[in-house]
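What follows is the content of target16.cif (mmCIF, C-alpha atoms and all ligand atoms).
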data_input
#
loop_
_atom_site.label_atom_id
_atom_site.label_comp_id
_atom_site.auth_asym_id
_atom_site.auth_seq_id
_atom_site.Cartn_x
_atom_site.Cartn_y
_atom_site.Cartn_z
CA MET A 59 1.60 10.40 -58.81
CA MET A 60 -1.52 8.75 -57.42
CA LYS A 61 -1.92 5.62 -55.41
CA HIS A 62 -5.19 3.76 -55.01
CA ALA A 63 -5.75 2.58 -51.50
CA GLU A 64 -7.77 -0.44 -52.74
CA ASN A 65 -5.66 -2.11 -55.44
CA ASP A 66 -2.45 -0.23 -54.86
CA THR A 67 -2.02 0.90 -58.47
CA GLU A 68 -0.45 4.29 -59.05
CA GLU A 69 -3.02 5.51 -61.58
CA SER A 70 -6.10 4.78 -59.49
CA ASP A 71 -5.28 7.04 -56.47
CA PRO A 72 -7.34 10.12 -57.29
CA VAL A 73 -6.04 12.42 -54.56
CA GLY A 74 -2.60 11.33 -53.44
CA GLY A 75 -1.43 11.12 -49.80
CA ALA A 76 -3.82 8.21 -49.23
CA ASP A 77 -1.46 6.66 -46.71
CA GLN A 78 -2.24 9.46 -44.21
CA GLN A 79 -4.55 8.59 -41.33
CA TRP A 80 -7.72 10.46 -40.46
CA GLU A 81 -11.11 9.93 -38.90
CA CYS A 82 -14.27 10.93 -40.80
CA GLU A 83 -17.80 9.65 -41.21
CA VAL A 84 -19.35 10.14 -44.68
CA THR A 85 -22.50 8.56 -46.05
CA TRP A 86 -22.19 8.16 -49.78
CA GLN A 87 -24.66 9.29 -52.37
CA ASP A 88 -23.55 9.81 -55.88
CA ASP A 89 -24.15 13.54 -56.21
CA GLU A 90 -22.48 16.94 -56.13
CA GLY A 91 -22.92 17.23 -52.29
CA ASP A 92 -20.71 14.17 -51.76
CA ARG A 93 -17.91 15.65 -53.79
CA GLU A 94 -18.14 18.86 -51.83
CA SER A 95 -18.06 16.97 -48.52
CA ILE A 96 -14.97 15.02 -49.68
CA CYS A 97 -13.23 18.27 -50.50
CA GLU A 98 -14.26 19.78 -47.17
CA SER A 99 -13.04 16.72 -45.32
CA PHE A 100 -9.68 16.89 -47.06
CA GLN A 101 -9.45 20.61 -46.25
CA LEU A 102 -10.30 20.01 -42.61
CA LEU A 103 -7.67 17.30 -42.47
CA GLN A 104 -5.26 19.70 -44.21
CA ILE A 105 -4.62 17.25 -47.01
CA ASP A 106 -3.67 18.91 -50.23
CA THR A 107 -5.57 17.05 -52.96
CA GLY A 108 -4.22 19.23 -55.73
CA PHE A 109 -7.80 19.94 -56.92
CA ASP A 110 -9.28 23.44 -56.72
CA SER A 111 -12.98 22.52 -56.75
CA PRO A 112 -15.16 19.49 -55.89
CA LYS A 113 -16.04 19.28 -59.59
CA ASP A 114 -12.41 18.51 -60.39
CA LEU A 115 -12.40 15.30 -58.29
CA PRO A 116 -12.15 12.34 -60.64
CA VAL A 117 -15.07 9.95 -61.13
CA GLY A 118 -14.94 7.08 -58.65
CA SER A 119 -13.19 9.11 -55.98
CA GLU A 120 -16.20 8.65 -53.63
CA LYS A 121 -15.76 4.88 -53.67
CA TRP A 122 -12.02 5.21 -53.22
CA TYR A 123 -12.54 7.60 -50.31
CA SER A 124 -15.06 5.25 -48.73
CA ASN A 125 -12.57 2.39 -48.93
CA VAL A 126 -9.84 4.53 -47.44
CA LEU A 127 -12.11 5.41 -44.54
CA ARG A 128 -13.10 1.77 -44.03
CA LYS A 129 -9.45 0.72 -43.91
CA GLN A 130 -8.68 3.70 -41.76
CA ARG A 131 -11.39 2.68 -39.24
CA HIS A 132 -10.12 -0.88 -39.30
CA TRP A 133 -6.55 0.27 -38.48
CA GLU A 134 -7.79 2.65 -35.88
CA LYS A 135 -9.60 -0.19 -34.13
CA ILE A 136 -6.41 -2.27 -34.16
CA ILE A 137 -4.30 0.64 -32.87
CA THR A 138 -6.84 1.45 -30.14
CA ALA A 139 -6.89 -2.19 -29.04
CA LYS A 140 -3.08 -2.30 -29.00
CA LYS A 141 -2.91 0.95 -27.03
CA LYS A 142 -5.44 -0.41 -24.53
CA LYS A 143 -3.45 -3.62 -24.13
CA ARG A 144 -0.19 -1.69 -23.67
CA LYS A 145 -1.88 0.51 -21.03
CA GLN A 146 -3.25 -2.53 -19.19
CA GLU A 147 0.18 -4.19 -19.22
CA LYS A 148 1.81 -0.99 -17.96
CA GLU A 149 -0.74 -0.77 -15.13
CA LYS A 150 -0.14 -4.42 -14.26
CA ARG A 151 3.63 -3.83 -14.17
CA LYS A 152 3.12 -0.74 -12.02
CA ALA A 153 0.87 -2.61 -9.56
CA LYS A 154 3.38 -5.47 -9.31
CA HIS A 155 6.24 -3.03 -8.73
CA ALA A 156 4.26 -1.25 -5.99
CA GLU A 157 3.42 -4.59 -4.38
CA ASP A 158 7.09 -5.73 -4.45
CA LYS A 159 8.17 -2.39 -3.04
CA GLY A 160 5.52 -2.61 -0.29
CA ILE A 161 6.70 -6.10 0.69
CA ALA A 162 10.36 -4.98 0.72
CA HIS A 163 9.38 -1.92 2.77
CA GLN A 164 7.42 -4.02 5.26
CA HIS A 165 10.29 -6.46 5.45
CA SER A 166 12.90 -3.74 6.06
CA LYS A 167 10.56 -2.13 8.61
CA ARG A 168 10.33 -5.42 10.50
CA VAL A 169 14.11 -5.87 10.36
CA LEU A 170 14.68 -2.31 11.60
CA LYS A 171 12.20 -2.87 14.42
CA THR A 172 14.00 -6.04 15.48
CA ILE A 173 17.40 -4.29 15.37
CA ALA A 174 16.03 -1.37 17.43
CA LYS A 175 14.56 -3.79 19.95
CA GLU A 176 17.83 -5.70 20.30
CA ARG A 177 19.75 -2.45 20.67
CA LEU A 178 17.37 -1.32 23.41
CA LEU A 179 17.60 -4.57 25.33
CA ALA A 180 21.40 -4.52 25.07
CA ALA A 181 21.36 -1.02 26.57
CA LYS A 182 20.02 -2.46 29.82
CA GLU A 183 23.34 -4.20 30.37
CA ALA A 184 25.88 -1.83 28.88
CA ALA A 185 24.50 1.69 28.52
CA PRO A 186 23.88 4.45 31.04
CA TRP A 187 20.50 4.32 32.74
CA LEU A 188 18.10 7.21 32.64
CA CYS A 189 15.60 7.40 35.48
CA ILE A 190 12.59 9.65 35.45
CA ASP A 191 11.74 10.49 39.03
CA LEU A 192 7.93 10.42 39.20
CA SER A 193 7.70 10.82 42.96
CA MET A 194 6.83 14.52 42.80
CA THR A 195 3.57 14.40 40.85
CA SER A 196 1.57 15.47 43.90
CA HIS A 197 2.95 18.96 43.17
CA MET A 198 1.25 18.92 39.77
CA THR A 199 -2.15 19.68 38.27
CA HIS A 200 -3.97 17.16 36.07
CA LYS A 201 -3.02 19.17 32.98
CA GLU A 202 0.65 19.11 33.97
CA ILE A 203 0.48 15.35 34.55
CA SER A 204 -0.96 14.89 31.04
CA ARG A 205 1.87 16.94 29.60
CA LEU A 206 4.40 14.92 31.51
CA ALA A 207 2.90 11.69 30.14
CA ALA A 208 3.26 13.12 26.59
CA GLN A 209 6.88 14.07 27.30
CA ILE A 210 7.60 10.53 28.50
CA ARG A 211 6.17 9.23 25.20
CA ARG A 212 8.42 11.55 23.17
CA LEU A 213 11.45 10.71 25.25
CA TYR A 214 10.80 6.98 24.81
CA GLY A 215 10.30 7.48 21.04
CA SER A 216 13.65 9.30 20.73
CA ASN A 217 15.43 6.60 22.70
CA LYS A 218 13.93 3.87 20.51
CA LYS A 219 15.33 5.57 17.42
CA ALA A 220 18.72 6.37 18.92
CA GLY A 221 21.85 4.69 17.57
CA LYS A 222 23.10 4.44 21.15
CA PRO A 223 20.06 4.21 23.42
CA PHE A 224 19.92 4.56 27.19
CA TRP A 225 18.01 2.16 29.39
CA ILE A 226 15.00 3.96 30.79
CA CYS A 227 13.48 3.40 34.19
CA LEU A 228 10.45 5.19 35.59
CA THR A 229 10.96 5.35 39.35
CA GLY A 230 8.26 6.32 41.86
CA PHE A 231 5.79 4.93 39.32
CA VAL A 232 2.87 3.69 41.38
CA ALA A 233 0.18 1.62 39.65
CA GLY A 234 -3.16 3.45 39.68
CA SER A 235 -1.56 6.85 40.38
CA PRO A 236 -2.61 9.79 38.18
CA ILE A 237 0.67 9.65 36.19
CA SER A 238 0.43 5.90 35.57
CA GLU A 239 -3.20 6.32 34.49
CA GLU A 240 -2.26 9.17 32.12
CA CYS A 241 0.64 7.20 30.64
CA LEU A 242 -1.67 4.28 29.94
CA ARG A 243 -4.43 6.51 28.59
CA MET A 244 -2.33 8.73 26.38
CA ASN A 245 0.55 6.56 25.22
CA ASP A 246 -0.38 3.76 22.79
CA GLY A 247 1.28 0.47 23.71
CA PHE A 248 2.65 1.94 26.94
CA SER A 249 2.51 -1.39 28.77
CA ASN A 250 4.78 -2.86 26.06
CA TYR A 251 7.41 -0.12 26.23
CA LEU A 252 10.88 -1.62 26.58
CA MET A 253 11.81 0.00 29.86
CA ASP A 254 11.46 -0.59 33.60
CA THR A 255 8.80 0.89 35.81
CA THR A 256 8.96 0.65 39.57
CA PRO A 257 7.30 2.28 42.58
CA GLU A 258 10.72 2.32 44.23
CA SER A 259 13.13 5.22 44.38
CA TYR A 260 16.43 5.32 42.50
CA LEU A 261 18.02 5.47 45.95
CA ASP A 262 16.87 1.91 46.60
CA LEU A 263 18.09 0.65 43.25
CA PHE A 264 21.57 2.04 42.64
CA PRO A 265 24.69 2.89 44.65
CA LEU A 266 24.64 6.57 45.62
CA GLU A 267 27.96 7.35 43.95
CA THR A 268 26.66 6.25 40.53
CA ILE A 269 23.68 8.62 40.56
CA VAL A 270 23.76 12.09 38.95
CA TYR A 271 20.60 14.13 39.44
CA LEU A 272 20.20 16.47 36.47
CA THR A 273 18.80 19.82 37.45
CA PRO A 274 18.93 23.22 35.71
CA ASP A 275 19.91 24.82 39.00
CA SER A 276 23.09 22.82 39.57
CA GLU A 277 26.44 24.61 39.76
CA ASN A 278 28.12 21.82 37.83
CA ALA A 279 28.06 21.64 34.06
CA LEU A 280 27.76 18.10 32.82
CA GLN A 281 31.08 17.14 31.24
CA ASP A 282 30.48 13.68 29.86
CA ILE A 283 28.06 10.78 29.87
CA GLU A 284 29.43 7.60 31.32
CA PRO A 285 27.91 4.19 30.70
CA HIS A 286 28.10 2.99 34.31
CA ARG A 287 26.23 6.02 35.66
CA VAL A 288 22.55 6.59 36.37
CA TYR A 289 21.17 9.94 35.27
CA VAL A 290 17.98 11.13 36.95
CA LEU A 291 15.50 13.59 35.50
CA GLY A 292 12.85 15.25 37.64
CA GLY A 293 9.37 14.28 36.46
CA LEU A 294 8.10 17.85 36.47
CA VAL A 295 6.80 20.14 33.74
CA ASP A 296 7.53 23.77 32.93
CA GLU A 297 4.44 25.09 34.62
CA SER A 298 5.72 23.80 37.94
CA ILE A 299 7.27 27.04 39.06
CA GLN A 300 9.04 25.29 41.84
CA LYS A 301 12.46 26.66 41.48
CA LYS A 302 15.31 24.52 42.70
CA LEU A 303 12.93 21.72 43.74
CA THR A 304 15.13 18.98 42.28
CA LEU A 305 18.35 20.69 43.35
CA GLN A 306 17.19 20.77 46.97
CA LYS A 307 15.97 17.20 46.81
CA ALA A 308 19.27 15.94 45.36
CA GLN A 309 21.27 17.87 47.92
CA GLU A 310 19.20 16.41 50.76
CA GLN A 311 19.89 12.98 49.33
CA SER A 312 23.62 13.74 49.04
CA LEU A 313 23.62 13.12 45.32
CA GLN A 314 25.86 14.57 42.65
CA THR A 315 24.05 17.08 40.49
CA ALA A 316 24.71 18.49 37.02
CA ARG A 317 23.11 20.81 34.50
CA LEU A 318 23.42 20.81 30.72
CA PRO A 319 26.40 22.99 29.68
CA ILE A 320 24.15 25.62 28.07
CA ALA A 321 26.06 28.57 29.56
CA GLU A 322 29.33 27.10 28.31
CA TYR A 323 28.33 26.69 24.64
CA MET A 324 25.42 29.04 24.09
CA VAL A 325 24.69 32.75 24.38
CA LYS A 326 21.46 34.63 24.95
CA ASN A 327 19.96 35.97 21.77
CA ALA A 328 17.94 39.13 21.47
CA ASN A 329 14.22 38.39 21.28
CA VAL A 330 11.05 40.43 21.49
CA LYS A 331 10.01 39.10 24.90
CA ASN A 332 13.59 39.18 26.20
CA TYR A 333 12.92 35.64 27.38
CA HIS A 334 15.79 33.29 28.23
CA SER A 335 15.43 30.02 30.04
CA GLU A 336 17.80 27.13 30.64
CA THR A 337 14.99 24.96 31.97
CA LEU A 338 13.93 22.40 29.40
CA ALA A 339 11.24 19.74 29.23
CA ILE A 340 12.48 16.24 30.07
CA ASN A 341 12.26 15.05 26.45
CA GLN A 342 14.37 18.04 25.33
CA VAL A 343 16.99 17.32 27.99
CA PHE A 344 16.95 13.73 26.82
CA ASP A 345 17.45 14.72 23.16
CA ALA A 346 20.55 16.64 24.23
CA LEU A 347 21.86 13.74 26.32
CA SER A 348 21.17 11.19 23.62
CA THR A 349 22.83 13.29 20.90
CA TYR A 350 25.85 13.88 23.08
CA TYR A 351 26.12 10.18 23.90
CA GLU A 352 26.14 9.41 20.18
CA THR A 353 28.27 12.29 18.84
CA GLN A 354 30.38 13.30 21.85
CA SER A 355 29.72 16.89 20.79
CA TRP A 356 28.01 19.34 23.16
CA PRO A 357 27.27 21.89 20.40
CA GLU A 358 25.49 19.14 18.44
CA ALA A 359 23.71 17.98 21.56
CA LEU A 360 22.50 21.45 22.55
CA LYS A 361 21.40 22.17 18.99
CA ALA A 362 19.25 19.03 19.20
CA GLY A 363 17.84 19.70 22.66
CA VAL A 364 17.48 23.44 23.18
CA PRO A 365 14.62 24.85 21.09
CA PRO A 366 15.01 28.42 19.69
CA GLY A 367 12.13 29.56 21.93
CA LYS A 368 14.38 29.22 24.98
CA GLY A 369 16.26 32.35 23.84
CA TYR A 370 19.67 30.76 23.37
CA VAL A 371 21.87 30.23 20.30
CA LEU A 372 25.18 28.45 19.95
CA GLN A 373 28.24 30.64 20.42
CA LYS A 374 29.99 31.36 17.13
CA THR A 375 33.07 29.49 18.35
CA ALA A 376 30.93 26.41 19.00
CA LEU A 377 29.51 26.30 15.46
C1 LIG A 401 10.77 21.18 33.50
S1 LIG A 401 12.18 20.73 34.38
C2 LIG A 401 11.68 21.08 36.03
C3 LIG A 401 12.40 22.21 36.63
C4 LIG A 401 12.17 22.30 38.09
N1 LIG A 401 12.14 23.67 38.51
C5 LIG A 401 13.21 21.56 38.91
O1 LIG A 401 13.39 21.93 40.07
O2 LIG A 401 13.81 20.58 38.42
C6 LIG A 401 12.14 18.99 34.32
C7 LIG A 401 13.43 18.28 34.58
O3 LIG A 401 14.26 18.34 33.46
C8 LIG A 401 15.60 18.38 33.82
N2 LIG A 401 16.19 19.61 33.29
C9 LIG A 401 15.57 20.65 32.68
N3 LIG A 401 16.43 21.56 32.26
C10 LIG A 401 17.65 21.11 32.59
C11 LIG A 401 18.98 21.60 32.41
N4 LIG A 401 19.22 22.76 31.81
N5 LIG A 401 20.00 20.86 32.86
C12 LIG A 401 19.78 19.69 33.47
N6 LIG A 401 18.58 19.16 33.67
C13 LIG A 401 17.51 19.86 33.24
C14 LIG A 401 15.64 18.33 35.32
O4 LIG A 401 15.85 17.01 35.73
C15 LIG A 401 14.28 18.82 35.67
O5 LIG A 401 13.88 18.36 36.94
#
Will you turn the file into structure tokens for me?
Amino acid sequence: MMKHAENDTEESDPVGGADQQWECEVTWQDDEGDRESICESFQLLQIDTGFDSPKDLPVGSEKWYSNVLRKQRHWEKIITAKKKKRKQEKEKRKAKHAEDKGIAHQHSKRVLKTIAKERLLAAKEAAPWLCIDLSMTSHMTHKEISRLAAQIRRLYGSNKKAGKPFWICLTGFVAGSPISEECLRMNDGFSNYLMDTTPESYLDLFPLETIVYLTPDSENALQDIEPHRVYVLGGLVDESIQKKLTLQKAQEQSLQTARLPIAEYMVKNANVKNYHSETLAINQVFDALSTYYETQSWPEALKAGVPPGKGYVLQKTAL
């Protein structure tokens, strides 16, 4: 059966399958070449005309073919325009969605920031205080002071994110001193940090019996963290090979001392350098304290604070 694309009568469609879509440019001249090009086009488009040779194409098929192509081009233009419109609408929807998401994200970020700020300020009244004793920086090189400033930034960042933050106080922090200059230079927004800084010593600020000086050389393993206590960290870095410096200082000041319970929950692991150290950077000690304060679990706390490089792993029984 044949269908003519022009007047839609069954007899006038010379090739059949005229409702298929294709794209082809043919300039018509009424000769043998045109018939051959029609046949070739149909072959290329894999349309079975049912005719073996161009000569078999019925008279008038060139005109019919030309009309089919014209209609085809017309429909193609419409389809292309529709596709373009659909694509534009999709892009618009996508952009709007991204914008909404961005606003929601910004909004939730602001809310989270406000919550964190309120939590921090509340810690000043109800949480334990953490002092960083910066009165020993004269023992340190400029490089060590820079590292200490970076550790203070990390420690502050961890506390800001903590579910149960401490209140931080930098004691022995003298304006214009190398450590204050490094903190200002290296730590963005340092002057807006939500914490106290004072040139005074913790001894002048808190009752002696509330202070616990944390030192890796103490005989006492820290048992618990109590909200009414003040925990002091020595503002020193690893390179300061001044063994027992903070222990001696705390003893001279008649303060209680404690170390992290590394020996109680961890064991030395075999490593190439056979290196094992219980002395951590202040931000690592703080990560352990903060995790313990939140989870009440020393294994969790030590996992958070003691990096693998220190040569210790949790005891199997503590896992
Ligand atoms: C790099 S350490 C300095 C070690 C130094 N030899 C000293 O005498 O304190 C920096 C501070 O982190 C704290 N700290 C490091 N490791 C600790 C541990 N295992 N237990 C308790 N406090 C620790 C101490 O307050 C220490 O002063």
* Asked: Which residues, written as number ranges by chain, have at least one atom at most 12 Å from Ser355 (chain A), with only C-alpha atoms counted and residues fewer than 6 positions away on the same chain left out?
  -> A: 281-283, 319, 323, 346-349, 361-362, 376-377
* Asked: So which residues are near ligand LIG 401 (chain A), meaning at most 9 Å away with all atoms listed in the file counted, given back as a PyMOL selection string?
  -> chain A and resi 190-191+271-276+279-280+289-307+315-320+335-344+364
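CA of Ala220 (chain A) lies 13.9 Å from CA of Gly363 (chain A).
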* CA of His200 (chain A) and CA of Glu240 (chain A) are how many Å apart? -> 9.1 Å
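If you measure from each of A:Leu206, A:Val330, A:Ala153, A:Met324 to Leu360 (chain A) using all atoms listed in the file, the closest one turns out to be A:Met324.
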* **Interatomic distance (Å, one decimal) between CA of His286 (chain A) and CA of Pro186 (chain A)** => 5.5 Å
* Find the residue from A:Pro285, A:Gln311, A:Glu358, A:Ser196 that sits nearest to Ser235 (chain A); use only C-alpha atoms when measuring. =>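 Of the candidates, the smallest distance to Ser235 (chain A) is held by A:Ser196.
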Where is the centre and how long are the edges: axis-aligned box on region 186-191 of chain A, 3 Å on each side, Å to one decimal, as JSON:
{"center_x": 17.8, "center_y": 7.4, "center_z": 35.0, "size_x": 18.1, "size_y": 12.2, "size_z": 14.0}
* Nearest to Ala207 (chain A) by atom-to-atom distance, counting only C-alpha atoms, from A:Ala328, A:Ala185, A:Ile237, A:Val126 -> A:Ile237
* Pick from A:Ala308, A:Leu213, A:Leu266, A:Cys189 nearest to Phe231 (chain A), counting only C-alpha atoms -> A:Cys189
* To do: Tell me which of A:Phe224, A:Leu263, A:Gln209, A:Phe248 sits closest to Tyr350 (chain A), counting all atoms listed in the file.
  =>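 Smallest distance to Tyr350 (chain A) is found for A:Phe224.
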* Which one of A:Pro366, A:Pro223, A:Pro357, A:Gly230 sits closest to Asn327 (chain A) if you count only C-alpha atoms? -> A:Pro366
If you take all atoms listed in the file and a cut-off of 12 Å, which residues of region 208-257 of chain A touch region 167-170 of chain A, and what are their nearest atom pairs and distances in Å to one decimal, in chain and number order, as CSV?
residue,atom,partner,partner_atom,distance
A:Lys218,CA,A:Leu170,CA,10.9
A:Lys219,CA,A:Leu170,CA,9.8
A:Gly221,CA,A:Leu170,CA,11.7
